>>> print(open('my_file_6.pdb').read())   # PDB, C-alpha atoms, pLDDT in the B column
ATOM      1  CA  MET A  20      26.906  35.403 -18.179  1.00 74.00           C
ATOM      2  CA  GLU A  21      25.061  38.267 -16.528  1.00 87.00           C
ATOM      3  CA  LEU A  22      21.286  37.868 -16.272  1.00 88.00           C
ATOM      4  CA  PRO A  23      18.953  39.075 -17.631  1.00 96.00           C
ATOM      5  CA  PHE A  24      20.277  39.584 -21.167  1.00 97.00           C
ATOM      6  CA  ASN A  25      18.864  40.746 -24.481  1.00 98.00           C
ATOM      7  CA  PRO A  26      18.013  37.464 -26.261  1.00 98.00           C
ATOM      8  CA  ILE A  27      17.817  39.056 -29.716  1.00 98.00           C
ATOM      9  CA  GLU A  28      21.393  40.279 -29.382  1.00 98.00           C
ATOM     10  CA  ARG A  29      22.418  36.918 -27.937  1.00 98.00           C
ATOM     11  CA  ALA A  30      20.769  35.097 -30.868  1.00 98.00           C
ATOM     12  CA  GLU A  31      22.813  37.176 -33.321  1.00 98.00           C
ATOM     13  CA  ALA A  32      26.034  36.521 -31.412  1.00 98.00           C
ATOM     14  CA  ILE A  33      25.403  32.781 -31.073  1.00 98.00           C
ATOM     15  CA  GLU A  34      24.441  32.437 -34.730  1.00 98.00           C
ATOM     16  CA  ARG A  35      27.815  33.922 -35.706  1.00 98.00           C
ATOM     17  CA  ILE A  36      29.489  31.175 -33.661  1.00 98.00           C
ATOM     18  CA  VAL A  37      27.436  28.156 -34.745  1.00 98.00           C
ATOM     19  CA  MET A  38      26.894  29.069 -38.433  1.00 98.00           C
ATOM     20  CA  LYS A  39      29.579  29.229 -41.126  1.00 97.00           C
ATOM     21  CA  ASN A  40      28.838  29.319 -44.882  1.00 96.00           C
ATOM     22  CA  ASN A  41      25.388  27.794 -44.293  1.00 95.00           C
ATOM     23  CA  LYS A  42      26.921  25.016 -42.200  1.00 98.00           C
ATOM     24  CA  ARG A  43      25.834  24.629 -38.585  1.00 98.00           C
ATOM     25  CA  LYS A  44      27.383  23.006 -35.550  1.00 98.00           C
ATOM     26  CA  TYR A  45      25.982  19.614 -34.465  1.00 98.00           C
ATOM     27  CA  TYR A  46      27.317  17.174 -31.915  1.00 97.00           C
ATOM     28  CA  ARG A  47      25.365  13.975 -32.619  1.00 97.00           C
ATOM     29  CA  PHE A  48      22.747  12.270 -34.802  1.00 98.00           C
ATOM     30  CA  ARG A  49      20.455   9.661 -33.284  1.00 98.00           C
ATOM     31  CA  PHE A  50      17.095   7.940 -33.042  1.00 98.00           C
ATOM     32  CA  ALA A  51      15.032   9.008 -29.994  1.00 97.00           C
ATOM     33  CA  PRO A  52      11.854   7.503 -28.465  1.00 96.00           C
ATOM     34  CA  TYR A  53       9.897  10.789 -28.302  1.00 94.00           C
ATOM     35  CA  TYR A  54       6.842  11.399 -30.536  1.00 95.00           C
ATOM     36  CA  GLY A  55       6.544   7.639 -30.931  1.00 95.00           C
ATOM     37  CA  GLY A  56      10.072   7.495 -32.373  1.00 98.00           C
ATOM     38  CA  ILE A  57      11.935  10.281 -34.159  1.00 98.00           C
ATOM     39  CA  VAL A  58      15.221  10.711 -36.019  1.00 98.00           C
ATOM     40  CA  THR A  59      17.133  13.519 -34.339  1.00 98.00           C
ATOM     41  CA  ALA A  60      19.999  15.869 -35.132  1.00 98.00           C
ATOM     42  CA  ASP A  61      21.342  17.452 -31.939  1.00 97.00           C
ATOM     43  CA  THR A  62      22.694  20.931 -32.534  1.00 97.00           C
ATOM     44  CA  ILE A  63      24.296  23.612 -30.362  1.00 96.00           C
ATOM     45  CA  GLY A  64      23.497  27.232 -29.600  1.00 97.00           C
ATOM     46  CA  CYS A  65      20.502  28.950 -28.025  1.00 97.00           C
ATOM     47  CA  CYS A  66      19.383  32.527 -27.432  1.00 97.00           C
ATOM     48  CA  PHE A  67      18.071  31.569 -23.972  1.00 97.00           C
ATOM     49  CA  LEU A  68      19.859  30.040 -20.974  1.00 95.00           C
ATOM     50  CA  CYS A  69      16.977  28.215 -19.342  1.00 93.00           C
ATOM     51  CA  ALA A  70      17.498  27.053 -15.795  1.00 88.00           C
ATOM     52  CA  TYR A  71      16.216  23.551 -16.569  1.00 89.00           C
ATOM     53  CA  CYS A  72      17.958  23.026 -19.933  1.00 90.00           C
ATOM     54  CA  TRP A  73      19.447  19.526 -20.228  1.00 86.00           C
ATOM     55  CA  ASN A  74      22.005  20.882 -22.714  1.00 89.00           C
ATOM     56  CA  TYR A  75      22.894  23.958 -20.651  1.00 89.00           C
ATOM     57  CA  PHE A  76      26.688  23.809 -20.792  1.00 90.00           C
ATOM     58  CA  ARG A  77      26.948  23.225 -24.555  1.00 92.00           C
ATOM     59  CA  ASN A  78      24.629  26.166 -25.135  1.00 92.00           C
ATOM     60  CA  LEU A  79      26.504  28.326 -22.629  1.00 90.00           C
ATOM     61  CA  LYS A  80      29.775  27.909 -24.547  1.00 94.00           C
ATOM     62  CA  PRO A  81      28.895  26.715 -28.067  1.00 96.00           C
ATOM     63  CA  GLU A  82      32.332  27.532 -29.427  1.00 96.00           C
ATOM     64  CA  LYS A  83      33.757  24.564 -27.489  1.00 96.00           C
ATOM     65  CA  PHE A  84      31.488  21.839 -28.845  1.00 96.00           C
ATOM     66  CA  GLY A  85      30.361  20.225 -32.084  1.00 97.00           C
ATOM     67  CA  GLU A  86      31.384  20.157 -35.727  1.00 98.00           C
ATOM     68  CA  PHE A  87      30.041  22.034 -38.741  1.00 98.00           C
ATOM     69  CA  PHE A  88      27.736  20.192 -41.144  1.00 98.00           C
ATOM     70  CA  SER A  89      26.011  21.409 -44.289  1.00 98.00           C
ATOM     71  CA  PRO A  90      22.251  20.879 -44.750  1.00 98.00           C
ATOM     72  CA  GLU A  91      23.104  18.156 -47.282  1.00 98.00           C
ATOM     73  CA  GLU A  92      25.299  16.347 -44.766  1.00 98.00           C
ATOM     74  CA  VAL A  93      22.672  16.648 -42.017  1.00 98.00           C
ATOM     75  CA  ALA A  94      19.891  15.389 -44.282  1.00 98.00           C
ATOM     76  CA  GLU A  95      22.028  12.466 -45.439  1.00 98.00           C
ATOM     77  CA  LYS A  96      22.762  11.397 -41.858  1.00 98.00           C
ATOM     78  CA  LEU A  97      19.104  11.701 -40.835  1.00 98.00           C
ATOM     79  CA  ILE A  98      17.882   9.768 -43.865  1.00 98.00           C
ATOM     80  CA  LYS A  99      20.340   6.917 -43.198  1.00 98.00           C
ATOM     81  CA  ILE A 100      19.103   6.607 -39.608  1.00 98.00           C
ATOM     82  CA  SER A 101      15.479   6.748 -40.777  1.00 98.00           C
ATOM     83  CA  GLU A 102      16.059   3.912 -43.242  1.00 97.00           C
ATOM     84  CA  ARG A 103      17.727   1.805 -40.571  1.00 97.00           C
ATOM     85  CA  LYS A 104      14.995   2.482 -38.004  1.00 97.00           C
ATOM     86  CA  ILE A 105      12.116   2.536 -40.529  1.00 96.00           C
ATOM     87  CA  CYS A 106      11.007   5.940 -39.266  1.00 97.00           C
ATOM     88  CA  ASN A 107       9.849   8.951 -41.313  1.00 96.00           C
ATOM     89  CA  ARG A 108       9.658  11.427 -38.425  1.00 98.00           C
ATOM     90  CA  PHE A 109      12.464  13.979 -38.001  1.00 98.00           C
ATOM     91  CA  ARG A 110      13.553  16.872 -35.778  1.00 98.00           C
ATOM     92  CA  ILE A 111      16.462  19.065 -34.724  1.00 96.00           C
ATOM     93  CA  SER A 112      16.925  19.149 -30.955  1.00 94.00           C
ATOM     94  CA  GLY A 113      19.463  20.052 -28.281  1.00 93.00           C
ATOM     95  CA  ALA A 114      19.347  23.798 -28.901  1.00 96.00           C
ATOM     96  CA  GLU A 115      17.410  26.501 -30.748  1.00 98.00           C
ATOM     97  CA  PRO A 116      17.147  25.705 -34.482  1.00 98.00           C
ATOM     98  CA  ILE A 117      16.155  29.277 -35.415  1.00 98.00           C
ATOM     99  CA  LEU A 118      18.642  31.914 -34.231  1.00 98.00           C
ATOM    100  CA  GLY A 119      18.239  34.206 -37.233  1.00 98.00           C
ATOM    101  CA  LYS A 120      17.807  34.202 -40.987  1.00 97.00           C
ATOM    102  CA  GLU A 121      20.944  32.166 -41.721  1.00 98.00           C
ATOM    103  CA  SER A 122      20.104  29.292 -39.374  1.00 98.00           C
ATOM    104  CA  PHE A 123      16.479  29.420 -40.571  1.00 98.00           C
ATOM    105  CA  SER A 124      17.678  29.033 -44.174  1.00 98.00           C
ATOM    106  CA  HIS A 125      19.834  26.084 -43.081  1.00 98.00           C
ATOM    107  CA  LEU A 126      16.794  24.460 -41.438  1.00 98.00           C
ATOM    108  CA  LEU A 127      14.565  24.991 -44.488  1.00 98.00           C
ATOM    109  CA  ARG A 128      17.148  23.387 -46.747  1.00 98.00           C
ATOM    110  CA  ILE A 129      17.236  20.274 -44.538  1.00 98.00           C
ATOM    111  CA  ILE A 130      13.438  20.028 -44.698  1.00 98.00           C
ATOM    112  CA  GLU A 131      13.518  20.485 -48.482  1.00 97.00           C
ATOM    113  CA  LEU A 132      16.107  17.715 -48.912  1.00 98.00           C
ATOM    114  CA  ILE A 133      14.096  15.299 -46.776  1.00 97.00           C
ATOM    115  CA  LYS A 134      10.976  16.192 -48.771  1.00 96.00           C
ATOM    116  CA  GLU A 135      12.807  15.187 -51.962  1.00 96.00           C
ATOM    117  CA  LYS A 136      13.406  11.729 -50.469  1.00 95.00           C
ATOM    118  CA  PHE A 137      10.053  10.958 -48.823  1.00 94.00           C
ATOM    119  CA  GLU A 138       6.542  11.309 -50.173  1.00 88.00           C
ATOM    120  CA  LYS A 139       5.173  11.213 -46.620  1.00 94.00           C
ATOM    121  CA  PHE A 140       7.065  12.335 -43.514  1.00 97.00           C
ATOM    122  CA  GLU A 141       6.806  14.558 -40.446  1.00 98.00           C
ATOM    123  CA  PHE A 142       9.282  17.215 -39.348  1.00 98.00           C
ATOM    124  CA  VAL A 143       8.927  18.663 -35.863  1.00 98.00           C
ATOM    125  CA  ILE A 144      10.491  22.081 -35.353  1.00 98.00           C
ATOM    126  CA  GLU A 145      11.205  22.404 -31.631  1.00 97.00           C
ATOM    127  CA  THR A 146      11.730  26.092 -30.943  1.00 98.00           C
ATOM    128  CA  ASN A 147      11.444  28.669 -28.179  1.00 98.00           C
ATOM    129  CA  GLY A 148       9.592  30.876 -30.671  1.00 98.00           C
ATOM    130  CA  LEU A 149      11.612  34.028 -30.001  1.00 98.00           C
ATOM    131  CA  ILE A 150      12.932  34.643 -33.514  1.00 98.00           C
ATOM    132  CA  LEU A 151       9.729  33.540 -35.268  1.00 98.00           C
ATOM    133  CA  GLY A 152       7.871  36.085 -33.147  1.00 98.00           C
ATOM    134  CA  TYR A 153      10.475  38.805 -33.651  1.00 98.00           C
ATOM    135  CA  TYR A 154      10.766  38.195 -37.413  1.00 97.00           C
ATOM    136  CA  PRO A 155       7.243  36.951 -38.278  1.00 97.00           C
ATOM    137  CA  GLU A 156       7.960  37.342 -41.996  1.00 97.00           C
ATOM    138  CA  LEU A 157      10.042  34.153 -41.736  1.00 97.00           C
ATOM    139  CA  ILE A 158       6.901  32.150 -41.064  1.00 97.00           C
ATOM    140  CA  ARG A 159       5.673  32.596 -44.643  1.00 96.00           C
ATOM    141  CA  ASN A 160       8.572  30.423 -45.776  1.00 97.00           C
ATOM    142  CA  LEU A 161       7.037  27.470 -43.923  1.00 97.00           C
ATOM    143  CA  ARG A 162       3.784  27.602 -45.895  1.00 95.00           C
ATOM    144  CA  PRO A 163       4.977  25.267 -48.697  1.00 95.00           C
ATOM    145  CA  TYR A 164       5.732  22.634 -46.039  1.00 95.00           C
ATOM    146  CA  LYS A 165       2.656  23.019 -43.827  1.00 93.00           C
ATOM    147  CA  SER A 166       1.294  19.556 -44.615  1.00 94.00           C
ATOM    148  CA  PHE A 167       4.257  17.860 -42.946  1.00 95.00           C
ATOM    149  CA  VAL A 168       5.933  20.460 -40.695  1.00 98.00           C
ATOM    150  CA  PHE A 169       4.804  20.846 -37.087  1.00 98.00           C
ATOM    151  CA  VAL A 170       6.047  23.588 -34.760  1.00 98.00           C
ATOM    152  CA  ARG A 171       6.310  22.913 -31.041  1.00 98.00           C
ATOM    153  CA  ILE A 172       7.004  26.116 -29.115  1.00 98.00           C
ATOM    154  CA  SER A 173       8.552  25.620 -25.683  1.00 98.00           C
ATOM    155  CA  ILE A 174       7.137  28.346 -23.444  1.00 98.00           C
ATOM    156  CA  LYS A 175       9.431  29.565 -20.659  1.00 97.00           C
ATOM    157  CA  GLY A 176       6.980  31.327 -18.355  1.00 96.00           C
ATOM    158  CA  TRP A 177       3.347  32.177 -17.707  1.00 97.00           C
ATOM    159  CA  ASP A 178       4.068  35.923 -17.526  1.00 97.00           C
ATOM    160  CA  GLU A 179       6.907  38.398 -18.041  1.00 97.00           C
ATOM    161  CA  ASN A 180       8.539  37.902 -14.626  1.00 96.00           C
ATOM    162  CA  SER A 181       8.517  34.109 -14.685  1.00 95.00           C
ATOM    163  CA  PHE A 182       9.816  34.172 -18.269  1.00 97.00           C
ATOM    164  CA  GLU A 183      12.818  36.267 -17.236  1.00 96.00           C
ATOM    165  CA  LYS A 184      13.550  34.066 -14.247  1.00 94.00           C
ATOM    166  CA  ILE A 185      13.341  30.826 -16.231  1.00 94.00           C
ATOM    167  CA  SER A 186      15.006  31.813 -19.516  1.00 96.00           C
ATOM    168  CA  GLY A 187      17.516  34.415 -18.309  1.00 96.00           C
ATOM    169  CA  ALA A 188      16.210  36.725 -21.059  1.00 98.00           C
ATOM    170  CA  LYS A 189      14.732  40.171 -20.486  1.00 98.00           C
ATOM    171  CA  LYS A 190      11.070  40.103 -19.542  1.00 98.00           C
ATOM    172  CA  GLU A 191       9.903  42.364 -22.370  1.00 98.00           C
ATOM    173  CA  CYS A 192      10.707  39.562 -24.843  1.00 98.00           C
ATOM    174  CA  PHE A 193       8.040  37.292 -23.320  1.00 98.00           C
ATOM    175  CA  ILE A 194       5.586  38.431 -26.001  1.00 98.00           C
ATOM    176  CA  TYR A 195       7.550  37.068 -28.984  1.00 98.00           C
ATOM    177  CA  PRO A 196       6.918  33.325 -28.465  1.00 98.00           C
ATOM    178  CA  ILE A 197       3.209  34.075 -28.008  1.00 97.00           C
ATOM    179  CA  GLU A 198       3.198  36.115 -31.209  1.00 97.00           C
ATOM    180  CA  ALA A 199       4.920  33.208 -32.968  1.00 98.00           C
ATOM    181  CA  ILE A 200       2.083  30.883 -31.970  1.00 98.00           C
ATOM    182  CA  ARG A 201      -0.483  33.370 -33.260  1.00 97.00           C
ATOM    183  CA  LYS A 202       1.262  33.937 -36.594  1.00 97.00           C
ATOM    184  CA  LEU A 203       1.878  30.238 -37.226  1.00 98.00           C
ATOM    185  CA  ILE A 204      -1.766  29.376 -36.584  1.00 97.00           C
ATOM    186  CA  ASP A 205      -2.856  32.274 -38.800  1.00 96.00           C
ATOM    187  CA  GLU A 206      -0.717  30.826 -41.608  1.00 96.00           C
ATOM    188  CA  GLY A 207      -2.406  27.435 -41.240  1.00 96.00           C
ATOM    189  CA  ILE A 208       0.705  25.753 -39.830  1.00 97.00           C
ATOM    190  CA  MET A 209       0.211  23.219 -37.049  1.00 97.00           C
ATOM    191  CA  ALA A 210       1.746  24.815 -33.949  1.00 98.00           C
ATOM    192  CA  TRP A 211       1.244  24.485 -30.219  1.00 98.00           C
ATOM    193  CA  PRO A 212       2.887  25.594 -26.941  1.00 98.00           C
ATOM    194  CA  ALA A 213       4.554  23.201 -24.496  1.00 98.00           C
ATOM    195  CA  VAL A 214       5.228  23.953 -20.820  1.00 97.00           C
ATOM    196  CA  MET A 215       7.262  22.247 -18.089  1.00 95.00           C
ATOM    197  CA  TYR A 216       4.874  21.103 -15.359  1.00 95.00           C
ATOM    198  CA  GLU A 217       7.330  21.072 -12.441  1.00 93.00           C
ATOM    199  CA  ILE A 218       8.093  24.732 -13.178  1.00 93.00           C
ATOM    200  CA  PHE A 219       4.585  25.962 -13.993  1.00 95.00           C
ATOM    201  CA  GLY A 220       2.448  23.791 -11.731  1.00 95.00           C
ATOM    202  CA  ASP A 221      -1.329  24.024 -11.969  1.00 96.00           C
ATOM    203  CA  SER A 222      -1.266  27.728 -11.116  1.00 96.00           C
ATOM    204  CA  GLY A 223       1.240  28.721 -13.814  1.00 97.00           C
ATOM    205  CA  LEU A 224      -0.501  26.526 -16.373  1.00 97.00           C
ATOM    206  CA  ARG A 225      -3.835  28.167 -15.608  1.00 98.00           C
ATOM    207  CA  LYS A 226      -2.321  31.658 -15.866  1.00 98.00           C
ATOM    208  CA  PHE A 227      -0.696  30.847 -19.191  1.00 98.00           C
ATOM    209  CA  LYS A 228      -3.942  29.507 -20.623  1.00 98.00           C
ATOM    210  CA  GLU A 229      -5.663  32.691 -19.456  1.00 97.00           C
ATOM    211  CA  ARG A 230      -2.980  34.733 -21.248  1.00 96.00           C
ATOM    212  CA  LEU A 231      -3.581  32.812 -24.478  1.00 97.00           C
ATOM    213  CA  LYS A 232      -7.322  33.342 -24.150  1.00 96.00           C
ATOM    214  CA  LYS A 233      -6.829  37.055 -23.486  1.00 95.00           C
ATOM    215  CA  ASP A 234      -4.723  37.287 -26.664  1.00 94.00           C
ATOM    216  CA  GLY A 235      -7.362  35.422 -28.676  1.00 95.00           C
ATOM    217  CA  ILE A 236      -5.224  32.334 -29.292  1.00 96.00           C
ATOM    218  CA  GLU A 237      -7.068  29.019 -29.335  1.00 94.00           C
ATOM    219  CA  THR A 238      -4.751  26.035 -28.998  1.00 96.00           C
ATOM    220  CA  GLU A 239      -4.075  23.025 -26.815  1.00 96.00           C
ATOM    221  CA  VAL A 240      -1.140  23.271 -24.388  1.00 98.00           C
ATOM    222  CA  GLU A 241       1.247  20.337 -24.179  1.00 98.00           C
ATOM    223  CA  VAL A 242       2.546  19.527 -20.704  1.00 97.00           C
ATOM    224  CA  GLU A 243       6.014  17.988 -20.431  1.00 94.00           C
ATOM    225  CA  TYR A 244       7.924  16.788 -17.405  1.00 92.00           C
ATOM    226  CA  LEU A 245      11.382  17.614 -16.130  1.00 87.00           C
ATOM    227  CA  GLU A 246      14.421  15.353 -16.468  1.00 79.00           C
ATOM    228  CA  ARG A 247      16.015  15.865 -13.045  1.00 75.00           C
ATOM    229  CA  TYR A 248      19.718  15.896 -13.777  1.00 71.00           C
ATOM    230  CA  SER A 249      21.762  17.030 -10.776  1.00 79.00           C
ATOM    231  CA  PHE A 250      23.097  20.133 -12.567  1.00 79.00           C
ATOM    232  CA  VAL A 251      19.536  21.032 -13.638  1.00 78.00           C
ATOM    233  CA  GLU A 252      18.341  20.966 -10.039  1.00 80.00           C
ATOM    234  CA  GLU A 253      21.386  23.024  -9.029  1.00 84.00           C
ATOM    235  CA  ASN A 254      20.659  25.655 -11.706  1.00 81.00           C
ATOM    236  CA  LEU A 255      17.008  25.833 -10.662  1.00 81.00           C
ATOM    237  CA  SER A 256      17.995  26.250  -7.028  1.00 82.00           C
ATOM    238  CA  LYS A 257      20.364  29.118  -7.884  1.00 84.00           C
ATOM    239  CA  ARG A 258      17.493  30.942  -9.582  1.00 83.00           C
ATOM    240  CA  GLY A 259      15.222  30.397  -6.614  1.00 81.00           C
ATOM    241  CA  PHE A 260      12.869  27.772  -8.028  1.00 79.00           C
ATOM    242  CA  LYS A 261      10.963  25.309  -5.883  1.00 77.00           C
ATOM    243  CA  LEU A 262       9.772  22.514  -8.118  1.00 80.00           C
ATOM    244  CA  VAL A 263       6.147  21.471  -8.163  1.00 81.00           C
ATOM    245  CA  LYS A 264       5.603  17.745  -7.712  1.00 77.00           C
ATOM    246  CA  SER A 265       4.282  16.067 -10.844  1.00 71.00           C
ATOM    247  CA  ASN A 266       1.065  14.075 -10.595  1.00 63.00           C
TER
END
>>> encode(input="my_file_6.pdb", output="C-alpha cells")
Amino acid sequence: MELPFNPIERAEAIERIVMKNNKRKYYRFRFAPYYGGIVTADTIGCCFLCAYCWNYFRNLKPEKFGEFFSPEEVAEKLIKISERKICNRFRISGAEPILGKESFSHLLRIIELIKEKFEKFEFVIETNGLILGYYPELIRNLRPYKSFVFVRISIKGWDENSFEKISGAKKECFIYPIEAIRKLIDEGIMAWPAVMYEIFGDSGLRKFKERLKKDGIETEVEVEYLERYSFVEENLSKRGFKLVKSN
C-alpha cells in the first residue's frame, strides 16, 4: 500500500471488510498476562499500518484472516475464559476496535453484555484514538460505562512528521488521537496515552509531553516497550528508524 494514506478513508474501507451485520472478524480468544491478567479477543483490521505492529500482516490484508462473530458470541467466549481463569478484566486487542460507527456499536454491545454478567469488572479499550477524535460525539456513548471502562490510546508520534512515518497515515491526522484524549477526560472517562519507548526515546517522550501541556491536557503517559520480532525490525528499517535502546 502506498504511504502516506488517508486513515479516515482507510478506516471506512477496512470496516466494510471486517464488519458484516454487526458481526466482526476475530482470529482468537485468549487469556493474556498484561494488566495483571486480562481476557482478550484478538480482532483484525486497523486504519493505521504502524511500522512496529506485531499484527502487521493480518491488518494489511484483513480479508484473508479471521471469522465473523456477533457481540453475543464474543461476549460468551470471553466470559467462559474469565470463569476458567477467575479474571474479570477484559479487552479487544490485535487491531483497532473502533473503525467507525458500526464497529463502535459492536464494541458497546460486548461491553453491555459483560456488564449484565458481572457486577464488578474492567474493560480496557485499546485504541489509536483516530476515530474517537474524528467523531467525538461517539464518546458520549461511553458515559454510562465510565466506572468500569478504561481507554488506552496508543500514540504513534510526538509530532506530525513522526506520526506519519510511524503510522503510515497522513500527518494532518496527528491531531485526532490527542483530541480523543481531551474529549475522553472531559467526559470523566479514564483515558491515557501510551508510547513506544524504543521509537520515541527520551527526546520524543519529552516533546510529546510538551505537546500535551501546550494543548492543556493533564495526564500521565504510559511507556511500553517493543517486542522485537524479525519482521517488525525489518519494517522499521524500511521506514528509516533507528531504535533507541531501552533502559
>>> resolve_selection(input="my_file_6.pdb", expression="the PyMOL selection byres ((chain A and resi 234-251) around 7)", output="list in words")
Ala70, Tyr71, Cys72, Trp73, Arg201, Trp211, Pro212, Ala213, Val214, Met215, Tyr216, Glu217, Arg230, Leu231, Lys232, Lys233, Glu252, Glu253, Asn254 and Leu255 of chain A
>>> residues_near_point(input="my_file_6.pdb", point="(23.9, 21.7, -22.1)", cutoff="10 Å", atoms="all atoms listed in the file", output="PyMOL selection string")
chain A and resi 63-65+68-69+71-81+113-114+250-251
>>> atom_distance(input="my_file_6.pdb", atom1="atom CA of Ile158 of chain A", atom2="atom CA of Ala30 of chain A")
17.5 Å
>>> resolve_selection(input="my_file_6.pdb", expression="the PyMOL selection byres ((chain A and resi 264) around 8)", output="PDB file with C-alpha atoms, keeping the file's coordinate frame")
ATOM      1  CA  GLU A 217       7.330  21.072 -12.441  1.00 93.00           C
ATOM      2  CA  GLY A 220       2.448  23.791 -11.731  1.00 95.00           C
ATOM      3  CA  LEU A 262       9.772  22.514  -8.118  1.00 80.00           C
ATOM      4  CA  VAL A 263       6.147  21.471  -8.163  1.00 81.00           C
ATOM      5  CA  SER A 265       4.282  16.067 -10.844  1.00 71.00           C
ATOM      6  CA  ASN A 266       1.065  14.075 -10.595  1.00 63.00           C
TER       7      ASN A 266
END
>>> resolve_selection(input="my_file_6.pdb", expression="the PyMOL selection byres ((chain A and resi 116-124) around 7)", output="ChimeraX atom specification")
/A:30-31,34,38,41,66,111,114-115,125-128,146,150
>>> closest_residue(input="my_file_6.pdb", among="A:Gly207, A:Lys96, A:Ile130, A:Tyr45", to="Phe84 of chain A", atoms="all atoms listed in the file")
A:Tyr45
